[in-house]
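Novice: What follows is protein05.cif, mmCIF, C-alpha atoms.
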data_target
#
loop_
_atom_site.label_atom_id
_atom_site.label_comp_id
_atom_site.auth_asym_id
_atom_site.auth_seq_id
_atom_site.Cartn_x
_atom_site.Cartn_y
_atom_site.Cartn_z
CA MET A 1 -16.16 -15.93 1.74
CA ALA A 2 -14.31 -18.28 -0.57
CA PRO A 3 -10.66 -19.18 0.07
CA ALA A 4 -8.09 -16.75 -1.28
CA PRO A 5 -7.22 -18.21 -4.69
CA PHE A 6 -4.03 -16.39 -5.56
CA ALA A 7 -0.50 -17.26 -4.46
CA THR A 8 2.48 -16.76 -6.71
CA ASN A 9 5.93 -18.28 -6.75
CA PRO A 10 7.11 -18.08 -10.36
CA THR A 11 10.31 -19.81 -11.37
CA THR A 12 11.01 -17.61 -14.40
CA VAL A 13 11.41 -13.87 -14.88
CA SER A 14 9.69 -12.16 -17.81
CA GLY A 15 9.94 -8.63 -19.19
CA ASP A 16 6.21 -7.88 -19.31
CA LEU A 17 5.12 -4.67 -17.55
CA SER A 18 1.67 -4.26 -19.12
CA PHE A 19 -1.82 -4.00 -17.64
CA THR A 20 -5.00 -5.50 -19.02
CA VAL A 21 -8.60 -4.80 -18.01
CA ASP A 22 -10.96 -7.78 -17.90
CA THR A 23 -14.27 -6.36 -16.64
CA ARG A 24 -15.55 -2.87 -15.76
CA LEU A 25 -18.26 -1.87 -13.32
CA PRO A 26 -21.41 -0.60 -15.07
CA GLY A 27 -22.91 2.83 -14.66
CA GLY A 28 -19.88 4.87 -15.64
CA ARG A 29 -17.92 3.94 -12.51
CA HIS A 30 -14.14 3.60 -12.64
CA GLY A 31 -13.96 0.23 -10.86
CA ARG A 32 -12.63 -2.73 -12.82
CA ALA A 33 -11.03 -6.15 -12.62
CA GLY A 34 -7.75 -6.59 -14.43
CA VAL A 35 -4.25 -8.06 -14.43
CA ILE A 36 -0.93 -6.32 -13.78
CA HIS A 37 1.87 -8.19 -15.54
CA THR A 38 5.31 -8.02 -13.87
CA PRO A 39 8.67 -9.75 -14.45
CA HIS A 40 8.05 -11.91 -11.35
CA GLY A 41 4.44 -12.88 -12.05
CA ASP A 42 0.94 -11.51 -12.58
CA ILE A 43 -1.21 -9.64 -10.05
CA GLN A 44 -4.93 -10.12 -10.54
CA THR A 45 -6.70 -6.94 -9.52
CA PRO A 46 -8.24 -5.58 -7.38
CA ALA A 47 -5.58 -6.82 -4.97
CA PHE A 48 -4.49 -6.15 -1.41
CA ILE A 49 -0.69 -5.90 -1.12
CA PRO A 50 0.74 -6.82 2.33
CA VAL A 51 3.44 -4.49 3.64
CA GLY A 52 6.85 -6.04 4.18
CA THR A 53 8.56 -2.89 5.48
CA LYS A 54 12.07 -4.27 6.00
CA ALA A 55 11.91 -7.06 3.40
CA THR A 56 9.68 -9.06 5.74
CA VAL A 57 6.01 -9.11 6.65
CA LYS A 58 6.47 -9.01 10.42
CA THR A 59 6.28 -12.46 12.13
CA LEU A 60 5.73 -14.36 8.83
CA THR A 61 7.90 -16.43 6.51
CA PRO A 62 7.32 -16.14 2.74
CA GLU A 63 5.67 -19.58 2.85
CA GLN A 64 3.21 -18.32 5.46
CA ILE A 65 2.48 -15.23 3.36
CA ARG A 66 1.61 -17.52 0.47
CA LEU A 67 -0.87 -19.33 2.73
CA THR A 68 -2.89 -16.13 2.74
CA GLY A 69 -3.14 -16.05 -1.05
CA ALA A 70 -1.19 -12.77 -1.28
CA GLN A 71 0.13 -12.04 -4.76
CA ALA A 72 2.78 -9.41 -4.00
CA ILE A 73 4.45 -7.62 -1.10
CA LEU A 74 5.57 -4.02 -0.64
CA GLY A 75 8.99 -3.13 0.74
CA ASN A 76 10.00 0.22 2.18
CA ALA A 77 12.77 2.13 0.41
CA TYR A 78 13.47 4.37 3.40
CA HIS A 79 13.97 1.56 5.90
CA LEU A 80 15.85 -0.71 3.48
CA TYR A 81 18.14 2.19 2.60
CA LEU A 82 18.99 2.62 6.28
CA GLN A 83 19.27 -1.13 6.93
CA PRO A 84 20.76 -3.29 5.45
CA GLY A 85 21.47 -0.94 2.53
CA PRO A 86 20.25 -1.17 -1.09
CA ASP A 87 23.64 -2.34 -2.34
CA ILE A 88 23.33 -5.51 -0.26
CA VAL A 89 19.83 -6.20 -1.60
CA ASP A 90 21.11 -5.57 -5.12
CA GLN A 91 24.01 -7.97 -4.66
CA ALA A 92 21.57 -10.61 -3.39
CA GLY A 93 19.59 -10.38 -6.63
CA GLY A 94 16.89 -7.90 -5.67
CA LEU A 95 14.13 -7.75 -3.09
CA ALA A 96 12.23 -10.84 -4.28
CA ARG A 97 15.29 -13.09 -4.12
CA PHE A 98 16.82 -11.48 -1.02
CA SER A 99 13.63 -12.13 0.98
CA ALA A 100 12.95 -15.55 -0.60
CA TRP A 101 9.53 -14.29 -1.71
CA HIS A 102 10.22 -14.84 -5.43
CA GLY A 103 6.97 -13.15 -6.48
CA PRO A 104 6.01 -9.62 -7.55
CA THR A 105 7.25 -6.79 -5.33
CA TYR A 106 6.54 -3.09 -4.85
CA THR A 107 8.73 -0.47 -3.19
CA ASP A 108 7.59 2.98 -2.16
CA SER A 109 9.87 5.93 -2.85
CA GLY A 110 10.79 6.68 0.74
CA GLY A 111 8.93 9.98 0.54
CA PHE A 112 6.17 8.88 2.89
CA GLN A 113 8.57 7.88 5.67
CA VAL A 114 10.93 10.82 5.20
CA MET A 115 7.98 13.19 5.56
CA SER A 116 5.73 11.34 7.99
CA LEU A 117 8.58 10.65 10.41
CA GLY A 118 9.74 14.23 10.24
CA VAL A 119 7.13 16.61 8.85
CA GLY A 120 3.96 14.67 9.59
CA PHE A 121 1.99 15.74 12.62
CA LYS A 122 3.13 13.85 15.73
CA LYS A 123 5.18 11.52 13.49
CA VAL A 124 2.03 10.34 11.66
CA LEU A 125 -0.19 11.77 8.97
CA ALA A 126 -2.90 14.06 10.30
CA MET A 127 -6.05 12.50 8.88
CA ASP A 128 -8.20 14.47 11.31
CA THR A 129 -6.79 17.49 13.11
CA SER A 130 -9.97 18.41 14.99
CA GLN A 131 -8.84 16.57 18.12
CA TYR A 132 -5.68 18.69 18.44
CA SER A 133 -5.29 22.23 19.74
CA GLU A 134 -3.38 24.99 17.97
CA THR A 135 -0.71 24.68 20.67
CA ASP A 136 -0.31 20.97 19.86
CA ILE A 137 0.05 21.70 16.16
CA ARG A 138 2.59 24.51 16.65
CA ALA A 139 4.66 22.30 18.95
CA ALA A 140 4.61 19.43 16.47
CA LYS A 141 5.77 21.67 13.64
CA LYS A 142 8.80 22.78 15.64
CA ASP A 143 9.99 19.19 16.19
CA ARG A 144 10.88 18.28 12.62
CA TYR A 145 13.28 15.62 11.48
CA ALA A 146 13.04 16.51 7.78
CA ASN A 147 13.48 19.72 5.79
CA VAL A 148 12.29 20.14 2.21
CA ASP A 149 13.89 22.26 -0.51
CA GLU A 150 13.53 22.32 -4.28
CA ASP A 151 16.22 19.69 -4.81
CA GLY A 152 15.15 17.16 -2.17
CA VAL A 153 14.83 16.46 1.54
CA ASP A 154 17.33 16.42 4.40
CA PHE A 155 16.33 14.08 7.19
CA LYS A 156 17.59 12.24 10.26
CA SER A 157 17.61 8.46 10.58
CA VAL A 158 15.06 6.99 12.97
CA ILE A 159 17.68 4.38 13.86
CA ASP A 160 20.59 6.51 15.08
CA GLY A 161 19.80 10.16 14.27
CA SER A 162 22.42 10.32 11.52
CA LYS A 163 21.84 12.85 8.71
CA HIS A 164 20.82 11.81 5.19
CA ARG A 165 19.45 13.37 2.03
CA PHE A 166 16.93 12.02 -0.50
CA THR A 167 16.45 13.55 -3.93
CA PRO A 168 14.43 12.12 -6.82
CA GLU A 169 17.66 10.75 -8.25
CA VAL A 170 18.70 9.17 -4.95
CA SER A 171 15.29 7.54 -4.54
CA MET A 172 15.47 6.11 -8.05
CA GLY A 173 18.96 4.78 -7.40
CA ILE A 174 17.83 3.07 -4.19
CA GLN A 175 14.75 1.54 -5.80
CA HIS A 176 16.68 0.30 -8.81
CA GLN A 177 19.06 -1.47 -6.45
CA LEU A 178 16.16 -2.92 -4.48
CA GLY A 179 14.90 -4.29 -7.79
CA ALA A 180 11.13 -4.20 -7.17
CA ASP A 181 8.85 -4.81 -10.13
CA ILE A 182 6.83 -1.68 -9.29
CA MET A 183 8.31 1.44 -7.72
CA PHE A 184 7.06 4.95 -7.08
CA ALA A 185 8.34 8.39 -7.98
CA PHE A 186 9.70 10.51 -5.12
CA ASP A 187 6.97 12.87 -3.95
CA GLU A 188 6.44 15.41 -1.20
CA LEU A 189 3.96 14.30 1.42
CA THR A 190 1.72 16.93 2.97
CA THR A 191 -0.80 16.72 5.79
CA LEU A 192 -4.18 18.28 6.43
CA ILE A 193 -2.63 20.96 8.63
CA ASP A 194 -0.68 22.44 5.69
CA THR A 195 -2.13 25.60 4.12
CA ARG A 196 -3.70 25.78 0.68
CA ASP A 197 -0.75 27.86 -0.55
CA TYR A 198 1.70 25.23 0.63
CA GLN A 199 -0.37 22.44 -0.95
CA GLU A 200 -0.14 24.27 -4.29
CA GLN A 201 3.63 24.64 -3.98
CA SER A 202 3.96 21.00 -3.02
CA VAL A 203 1.96 19.73 -6.00
CA GLU A 204 4.17 21.73 -8.35
CA ARG A 205 7.34 20.51 -6.64
CA THR A 206 6.15 16.89 -6.78
CA HIS A 207 5.48 17.38 -10.50
CA ARG A 208 9.03 18.59 -11.08
CA TRP A 209 10.42 15.74 -9.00
CA ALA A 210 8.35 13.27 -11.05
CA GLY A 211 9.99 14.51 -14.24
CA ARG A 212 13.42 14.03 -12.70
CA CYS A 213 12.43 10.53 -11.58
CA LEU A 214 11.42 9.60 -15.13
CA GLU A 215 14.74 10.79 -16.52
CA GLU A 216 16.79 9.01 -13.86
CA HIS A 217 14.71 5.84 -14.24
CA HIS A 218 15.46 5.87 -17.97
CA ARG A 219 19.17 6.43 -17.36
CA LEU A 220 19.45 3.65 -14.79
CA THR A 221 17.45 1.23 -16.92
CA LEU A 222 19.97 1.69 -19.75
CA ALA A 223 22.89 1.46 -17.32
CA ARG A 224 21.66 -1.86 -15.86
CA PRO A 225 20.58 -3.89 -18.93
CA ASP A 226 21.13 -7.21 -17.16
CA LYS A 227 18.49 -6.47 -14.51
CA PRO A 228 14.74 -7.28 -14.78
CA LYS A 229 12.74 -4.31 -16.07
CA GLN A 230 10.98 -2.16 -13.47
CA SER A 231 7.78 -0.13 -13.75
CA LEU A 232 7.87 3.42 -12.35
CA TRP A 233 4.56 4.86 -11.14
CA GLY A 234 3.85 8.56 -10.55
CA VAL A 235 2.18 9.68 -7.32
CA VAL A 236 -0.82 12.03 -7.31
CA GLN A 237 -0.93 14.47 -4.38
CA GLY A 238 -3.17 17.48 -3.75
CA ALA A 239 -4.77 16.77 -0.36
CA GLN A 240 -8.55 17.34 -0.45
CA TYR A 241 -8.64 20.01 -3.16
CA GLU A 242 -10.35 18.92 -6.37
CA ASP A 243 -8.48 21.34 -8.61
CA LEU A 244 -5.10 20.30 -7.17
CA ARG A 245 -5.82 16.58 -7.42
CA ARG A 246 -6.97 16.91 -11.03
CA ARG A 247 -4.07 19.20 -11.91
CA ALA A 248 -1.57 16.78 -10.35
CA ALA A 249 -3.03 13.80 -12.20
CA ARG A 250 -3.12 15.59 -15.56
CA GLY A 251 0.43 16.82 -15.05
CA LEU A 252 1.75 13.31 -14.45
CA VAL A 253 -0.04 12.00 -17.53
CA GLU A 254 1.45 14.80 -19.64
CA LEU A 255 4.94 14.05 -18.30
CA SER A 256 4.49 10.38 -19.12
CA ASP A 257 3.20 11.08 -22.62
CA ARG A 258 6.14 13.37 -23.41
CA GLN A 259 8.55 10.74 -22.17
CA GLU A 260 7.00 8.09 -24.40
CA GLN A 261 6.97 10.43 -27.39
CA ALA A 262 10.73 10.81 -26.86
CA GLY A 263 11.13 7.03 -27.13
CA LYS A 264 11.51 6.49 -23.38
CA ARG A 265 9.34 4.57 -20.93
CA GLY A 266 6.71 6.68 -19.21
CA PHE A 267 4.84 5.92 -16.01
CA GLY A 268 3.62 2.32 -15.86
CA GLY A 269 0.88 3.25 -13.40
CA PHE A 270 -0.07 5.80 -10.79
CA GLY A 271 -0.24 6.01 -7.01
CA ILE A 272 -2.79 8.06 -5.10
CA GLY A 273 -1.20 9.40 -1.93
CA GLY A 274 -1.47 12.04 0.74
CA ALA A 275 -3.67 12.70 3.72
CA LEU A 276 -7.41 12.77 3.27
CA GLU A 277 -10.45 12.41 5.48
CA LYS A 278 -12.25 9.08 5.35
CA GLU A 279 -15.55 10.52 4.19
CA ASN A 280 -13.84 12.06 1.15
CA LEU A 281 -11.96 8.93 0.06
CA GLY A 282 -14.26 7.87 -2.77
CA THR A 283 -14.71 11.38 -4.10
CA ILE A 284 -10.98 12.04 -4.25
CA VAL A 285 -10.15 8.70 -5.86
CA GLY A 286 -12.89 9.42 -8.40
CA TRP A 287 -11.46 12.85 -9.24
CA VAL A 288 -8.04 11.37 -9.82
CA CYS A 289 -9.26 8.43 -11.89
CA ASP A 290 -11.26 10.83 -14.09
CA GLU A 291 -7.92 12.18 -15.24
CA LEU A 292 -5.84 8.99 -15.46
CA PRO A 293 -5.62 6.71 -18.52
CA GLU A 294 -7.69 3.53 -18.54
CA ASP A 295 -4.76 1.36 -19.61
CA LYS A 296 -2.64 2.09 -16.52
CA PRO A 297 -3.15 0.59 -13.02
CA ARG A 298 -3.75 2.73 -9.92
CA HIS A 299 -2.50 2.09 -6.40
CA LEU A 300 -4.09 3.71 -3.34
CA LEU A 301 -1.54 4.04 -0.58
CA GLY A 302 -2.44 3.06 2.97
CA ILE A 303 -6.02 1.74 3.30
CA SER A 304 -7.37 -1.54 4.70
CA GLU A 305 -10.77 -1.08 6.37
CA PRO A 306 -13.42 -3.08 4.46
CA ASP A 307 -15.67 -0.08 3.79
CA ASP A 308 -12.68 1.86 2.43
CA ILE A 309 -11.77 -1.05 0.17
CA PHE A 310 -15.24 -1.19 -1.41
CA THR A 311 -15.22 2.59 -1.84
CA ALA A 312 -11.72 2.63 -3.32
CA VAL A 313 -12.39 -0.19 -5.77
CA GLU A 314 -15.70 1.26 -6.90
CA ASN A 315 -14.02 4.57 -7.67
CA GLY A 316 -11.08 3.12 -9.57
CA ALA A 317 -8.30 1.84 -7.30
CA ASP A 318 -6.74 -1.42 -8.51
CA THR A 319 -4.32 -2.20 -5.67
CA PHE A 320 -3.75 -0.89 -2.15
CA ASP A 321 -1.52 -1.56 0.84
CA CYS A 322 -1.67 -0.96 4.58
CA VAL A 323 0.18 -2.05 7.73
CA ALA A 324 -3.06 -2.15 9.76
CA PRO A 325 -3.93 -5.87 9.37
CA THR A 326 -0.47 -7.01 10.48
CA ARG A 327 -0.10 -4.40 13.22
CA LEU A 328 -3.56 -5.23 14.54
CA GLY A 329 -2.79 -8.95 14.49
CA ARG A 330 0.35 -8.61 16.57
CA ARG A 331 -1.83 -7.09 19.29
CA GLY A 332 -4.47 -9.81 19.17
CA GLY A 333 -6.97 -7.96 16.99
CA VAL A 334 -8.57 -10.03 14.24
CA TYR A 335 -11.08 -9.51 11.45
CA THR A 336 -14.16 -11.71 11.15
CA LEU A 337 -17.18 -11.67 8.87
CA ASP A 338 -19.10 -10.17 11.80
CA GLY A 339 -16.64 -7.37 12.52
CA ARG A 340 -13.40 -7.05 14.45
CA MET A 341 -12.64 -8.57 17.83
CA ASN A 342 -9.68 -8.76 20.20
CA LEU A 343 -8.69 -12.25 21.34
CA THR A 344 -7.19 -11.00 24.61
CA GLY A 345 -10.72 -10.78 26.02
CA ALA A 346 -11.59 -13.07 28.94
CA ARG A 347 -14.62 -14.45 27.11
CA PHE A 348 -12.27 -16.39 24.81
CA THR A 349 -10.56 -18.29 27.65
CA ARG A 350 -12.60 -21.45 26.99
CA ASP A 351 -13.73 -20.73 23.44
CA PHE A 352 -12.42 -23.65 21.42
CA SER A 353 -13.87 -22.56 18.09
CA GLY A 354 -11.72 -21.15 15.29
CA ILE A 355 -11.39 -17.40 14.84
CA ASP A 356 -13.90 -17.48 11.97
CA GLU A 357 -14.90 -20.98 10.93
CA GLU A 358 -17.19 -19.74 8.18
CA LEU A 359 -14.34 -17.75 6.63
CA GLY A 360 -12.00 -20.70 6.98
CA GLY A 361 -8.31 -20.56 6.19
CA TYR A 362 -5.29 -22.17 7.81
CA VAL A 363 -5.60 -20.50 11.23
CA SER A 364 -9.35 -20.88 11.70
CA GLU A 365 -9.15 -24.51 10.63
CA ASN A 366 -6.29 -25.46 12.96
CA TYR A 367 -6.22 -23.22 16.06
CA SER A 368 -8.83 -22.19 18.61
CA ARG A 369 -9.58 -18.76 20.00
CA ALA A 370 -8.74 -20.13 23.44
CA TYR A 371 -5.30 -21.29 22.34
CA ILE A 372 -4.46 -17.99 20.65
CA ARG A 373 -5.66 -16.06 23.72
CA HIS A 374 -3.35 -18.22 25.84
CA LEU A 375 -0.43 -17.37 23.54
CA LEU A 376 -1.24 -13.66 23.72
CA LYS A 377 -1.42 -13.68 27.52
CA ALA A 378 1.83 -15.67 27.70
CA ASN A 379 3.55 -13.18 25.35
CA GLU A 380 4.39 -15.96 22.91
CA PHE A 381 5.47 -14.76 19.47
CA LEU A 382 3.34 -17.43 17.81
CA ALA A 383 0.24 -15.43 18.77
CA GLY A 384 1.23 -12.58 16.48
CA THR A 385 2.09 -14.99 13.69
CA LEU A 386 -1.28 -16.74 13.80
CA CYS A 387 -3.31 -13.53 14.06
CA THR A 388 -1.31 -11.96 11.24
CA ILE A 389 -1.82 -14.95 8.94
CA HIS A 390 -5.53 -14.83 9.67
CA ASN A 391 -5.86 -11.07 9.07
CA LEU A 392 -3.98 -11.18 5.79
CA TYR A 393 -6.07 -14.14 4.68
CA PHE A 394 -9.20 -12.17 5.55
CA MET A 395 -8.11 -9.09 3.56
CA VAL A 396 -6.77 -11.00 0.56
CA THR A 397 -9.90 -13.16 0.42
CA LEU A 398 -12.20 -10.16 0.73
CA VAL A 399 -10.53 -8.39 -2.18
CA ALA A 400 -10.43 -11.60 -4.26
CA ASN A 401 -14.18 -11.89 -3.71
CA VAL A 402 -14.63 -8.26 -4.72
CA ARG A 403 -12.77 -9.03 -7.94
CA GLN A 404 -14.94 -12.05 -8.65
CA ALA A 405 -18.09 -10.08 -7.88
CA ILE A 406 -17.06 -7.47 -10.49
CA ILE A 407 -16.47 -10.21 -13.06
CA ASP A 408 -19.81 -11.88 -12.24
CA GLY A 409 -21.74 -8.60 -12.36
CA ARG A 410 -22.80 -8.72 -8.71
CA PHE A 411 -20.51 -6.15 -7.08
CA ASP A 412 -23.34 -4.06 -5.62
CA ASP A 413 -25.08 -7.10 -4.15
CA TYR A 414 -21.86 -8.41 -2.62
CA LYS A 415 -21.02 -5.00 -1.16
CA LYS A 416 -24.46 -4.70 0.43
CA GLN A 417 -24.35 -8.23 1.84
CA PHE A 418 -20.82 -7.98 3.23
CA MET A 419 -21.12 -4.47 4.64
CA GLY A 420 -24.52 -5.15 6.19
CA ARG A 421 -23.09 -8.05 8.15
CA TYR A 422 -19.63 -6.70 9.01
CA TYR A 423 -20.93 -3.38 10.30
CA ALA A 424 -24.15 -4.72 11.83
CA ALA A 425 -22.87 -3.86 15.32
CA GLY A 426 -22.39 -0.25 14.31
CA GLY A 427 -18.75 -0.29 13.24
CA LYS A 428 -15.63 -2.07 14.43
CA ASN A 429 -17.04 -4.79 16.62
CA THR A 430 -13.92 -4.97 18.79
CA ASN A 431 -15.44 -6.23 22.03
CA ARG A 432 -17.12 -9.45 20.97
#
Just dump the structure as structure tokens.
Specialist:
Amino acid sequence: MAPAPFATNPTTVSGDLSFTVDTRLPGGRHGRAGVIHTPHGDIQTPAFIPVGTKATVKTLTPEQIRLTGAQAILGNAYHLYLQPGPDIVDQAGGLARFSAWHGPTYTDSGGFQVMSLGVGFKKVLAMDTSQYSETDIRAAKKDRYANVDEDGVDFKSVIDGSKHRFTPEVSMGIQHQLGADIMFAFDELTTLIDTRDYQEQSVERTHRWAGRCLEEHHRLTLARPDKPKQSLWGVVQGAQYEDLRRRAARGLVELSDRQEQAGKRGFGGFGIGGALEKENLGTIVGWVCDELPEDKPRHLLGISEPDDIFTAVENGADTFDCVAPTRLGRRGGVYTLDGRMNLTGARFTRDFSGIDEELGGYVSENYSRAYIRHLLKANEFLAGTLCTIHNLYFMVTLVANVRQAIIDGRFDDYKKQFMGRYYAAGGKNTNR
């Protein structure tokens, strides 16, 4: 794997919010390589976007994030609303300046956290409910911290239990104050335990909320002419139902077209959200991308496993984010070209090689497995920092190589070579 080539730190702010496609995969597939243009710099796609939940990628400085080659970071509207407050971020000059990142930024709408922390099964999305009994599911549904109605969502803070309310207009107001280059419309998150009838209702509600987001985004853009322009992306829901996914995607496109026909800015791109089973990932992304315009980028929310990345890119996803690489790193788990491993293992006590010397990167070139294991066992914070830098470098480099493989016309060969090696041990090789 070649070093991650992309790291941005632009000194000027532009008004460009366009997307260009450079190369498409052959055979009628949706995958492509392109460039998202933002006021704070370009994002060459496909791209992995590290998650900086509270205006920070945990354990890393912005300079360390740049070491990984990352092109943008994603902040969390829900958490930044609760702490420190969007007005403070706004006064500081927006998320990029407040966090000293100075590059492109995304913010989610807050819908994922409002729902997943309150409506989601056991405080997380239910990607596979087969392991839970009906008693478990009924109990989880009773313990809700969020309640949805047509206008918005009432929820309790995870910090102090205080009561709050998000509506599409509130979410837009928060995200405008946060000042991210790319932000998402407020949507209702469902899980796999919700009924088909409820999924239908939710898709229609999310559609209506999306229209309100477009109107409020237009109003706030006019009311804040001195601020850098922001791109609003619609979010496609619909769980694992083909008709609902296609209906949701077509509905968002129609909303956007009507907005543009009225002389207003429509959706600058689209997010693909919601719970889905791993084996259906490519199929669902393909359904959605069948319905979305070619000249708009697509972001898949919450994936990071290498096989999922290849599947997502091949079926049309341009960018994606996930907390897994950073969360895994803080616990001593690291990615290598030969699968995953955990550096807390005793076998690394006297292993003075880098984490992955073939991959390279700052951590593999400067620190040994033995040293990082020592830090982990001693509960030193530096352990999480080094493992996180390495994991982000791995993910960013992998996706940069996927991009180059598309451009060079060798995507299928690269996928076969990488996957054959990474999964040679039969999956996540965590015990090496």
Novice: Apply the PyMOL selection byres ((chain A and resi 63) around 12) to the displayed file and report the matching residues as a short mmCIF file (atom, residue, chain, number, x, y, z; two decimals) with C-alpha atoms, in the coordinates of the input.
Specialist:
data_model
loop_
_atom_site.label_atom_id
_atom_site.label_comp_id
_atom_site.auth_asym_id
_atom_site.auth_seq_id
_atom_site.Cartn_x
_atom_site.Cartn_y
_atom_site.Cartn_z
CA ALA A 7 -0.50 -17.26 -4.46
CA THR A 8 2.48 -16.76 -6.71
CA ASN A 9 5.93 -18.28 -6.75
CA THR A 56 9.68 -9.06 5.74
CA VAL A 57 6.01 -9.11 6.65
CA THR A 59 6.28 -12.46 12.13
CA LEU A 60 5.73 -14.36 8.83
CA THR A 61 7.90 -16.43 6.51
CA PRO A 62 7.32 -16.14 2.74
CA GLN A 64 3.21 -18.32 5.46
CA ILE A 65 2.48 -15.23 3.36
CA ARG A 66 1.61 -17.52 0.47
CA LEU A 67 -0.87 -19.33 2.73
CA THR A 68 -2.89 -16.13 2.74
CA GLY A 69 -3.14 -16.05 -1.05
CA ALA A 70 -1.19 -12.77 -1.28
CA SER A 99 13.63 -12.13 0.98
CA ALA A 100 12.95 -15.55 -0.60
CA TRP A 101 9.53 -14.29 -1.71
CA HIS A 102 10.22 -14.84 -5.43
CA GLY A 103 6.97 -13.15 -6.48
CA ILE A 389 -1.82 -14.95 8.94
#
Novice: Which of these, A:Tyr362, A:Phe411, A:Tyr422, A:Phe352, has the shortest distance to Tyr393 of chain A once you count all atoms listed in the file?
Specialist: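 Of the candidates, the smallest distance to Tyr393 of chain A is held by A:Tyr362.
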Novice: Determine the nearest neighbour of Leu74 of chain A from the options A:Gln175, A:Ser364, A:Gln44, A:Thr388, counting only C-alpha atoms.
Specialist: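 Closest to Leu74 of chain A, using only C-alpha atoms: A:Gln175.
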Novice: Neighbours of Arg250 of chain A within 12 Å (only C-alpha atoms; same-chain residues fewer than 6 positions away dropped), as an MDAnalysis selection string?
Specialist: chainID A and resid 203:204 207 234:238 243:244 256:257 270 287:293
Novice: Segment 19-22 of chain A: which residues within 8 Å, counting all atoms listed in the file, same-chain residues fewer than 6 positions away excluded, as a list in words?
Specialist: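 My reading of the contact set: Arg32, Ala33, Gly34, Val35, Ile36, His37, Asp295, Lys296, Pro297 and Ile407 of chain A.
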Novice: Please, could you write that set of residues out with C-alpha atoms as a PDB file, keeping the file's coordinate frame?
Specialist:
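For reference, out_36.pdb as written:
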ATOM      1  CA  ARG A  32     -12.630  -2.730 -12.820  1.00  0.00           C
ATOM      2  CA  ALA A  33     -11.030  -6.150 -12.620  1.00  0.00           C
ATOM      3  CA  GLY A  34      -7.750  -6.590 -14.430  1.00  0.00           C
ATOM      4  CA  VAL A  35      -4.250  -8.060 -14.430  1.00  0.00           C
ATOM      5  CA  ILE A  36      -0.930  -6.320 -13.780  1.00  0.00           C
ATOM      6  CA  HIS A  37       1.870  -8.190 -15.540  1.00  0.00           C
ATOM      7  CA  ASP A 295      -4.760   1.360 -19.610  1.00  0.00           C
ATOM      8  CA  LYS A 296      -2.640   2.090 -16.520  1.00  0.00           C
ATOM      9  CA  PRO A 297      -3.150   0.590 -13.020  1.00  0.00           C
ATOM     10  CA  ILE A 407     -16.470 -10.210 -13.060  1.00  0.00           C
TER      11      ILE A 407
END
Novice: Rounded to one decimal, what separation in Å do you get between atom CA of Phe112 of chain A and atom CA of Asp307 of chain A?
Specialist: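 Atom-to-atom, atom CA of Phe112 of chain A to atom CA of Asp307 of chain A, that is 23.6 Å.
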Novice: Applied to the shown file, which residues does the PyMOL selection byres ((chain A and resi 40) around 12) return, written as a VMD selection string?
Specialist: chain A and resid 8 to 17 36 to 39 41 to 43 71 to 73 94 to 97 101 to 106 179 to 182 228 to 230
Novice: What gap, in Å, lies between atom CA of Asp413 of chain A and atom CA of His30 of chain A?
Specialist: 17.5 Å
Novice: Take the PyMOL selection byres ((chain A and resi 300) around 8), apply it to the structure above, and return the hits as an NGL selection string.
Specialist: :A and (271-273 or 298-299 or 301-303 or 312 or 317-321)
Novice: Which residue out of A:Lys264, A:His176, A:His374, A:Arg245 has the minimum interatomic distance to Gln199 of chain A when all atoms listed in the file are used?
Specialist: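 Result for the nearest residue to Gln199 of chain A: A:Arg245.
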Novice: May I have the residues within 12 Å of Asn280 of chain A as an MDAnalysis selection string, using all atoms listed in the file and disregarding those fewer than 2 positions away in the same chain?
Specialist: chainID A and resid 127:128 239:242 275:278 282:287 308 311:312 315
Novice: Which residue is closest to Glu169 of chain A? Choose from A:Ala346, A:Met183, A:Ala262, A:Leu214 and count all atoms listed in the file.
Specialist: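 Among the listed residues, A:Leu214 lies closest to Glu169 of chain A.
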Novice: At what distance in Å, to one decimal, does atom CA of Ile309 of chain A lie from atom CA of Asn76 of chain A?
Specialist: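 Atom CA of Ile309 of chain A lies 21.9 Å from atom CA of Asn76 of chain A.
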Novice: Would you fill out segment 359-364 of chain A with N, CA and C atoms and return it as a CSV table (one decimal), keeping the file's coordinate frame?
Specialist:
chain,number,residue,atom,x,y,z
A,359,LEU,N,-15.4,-18.3,7.5
A,359,LEU,CA,-14.3,-17.8,6.6
A,359,LEU,C,-13.4,-18.9,6.3
A,360,GLY,N,-13.0,-19.6,7.2
A,360,GLY,CA,-12.0,-20.7,7.0
A,360,GLY,C,-10.6,-20.2,7.0
A,361,GLY,N,-9.7,-20.9,6.3
A,361,GLY,CA,-8.3,-20.6,6.2
A,361,GLY,C,-7.5,-21.4,7.2
A,362,TYR,N,-6.2,-21.3,7.0
A,362,TYR,CA,-5.3,-22.2,7.8
A,362,TYR,C,-5.5,-22.0,9.3
A,363,VAL,N,-5.5,-20.7,9.8
A,363,VAL,CA,-5.6,-20.5,11.2
A,363,VAL,C,-6.9,-20.9,11.8
A,364,SER,N,-8.0,-20.5,11.2
A,364,SER,CA,-9.4,-20.9,11.7
A,364,SER,C,-9.6,-22.4,11.7
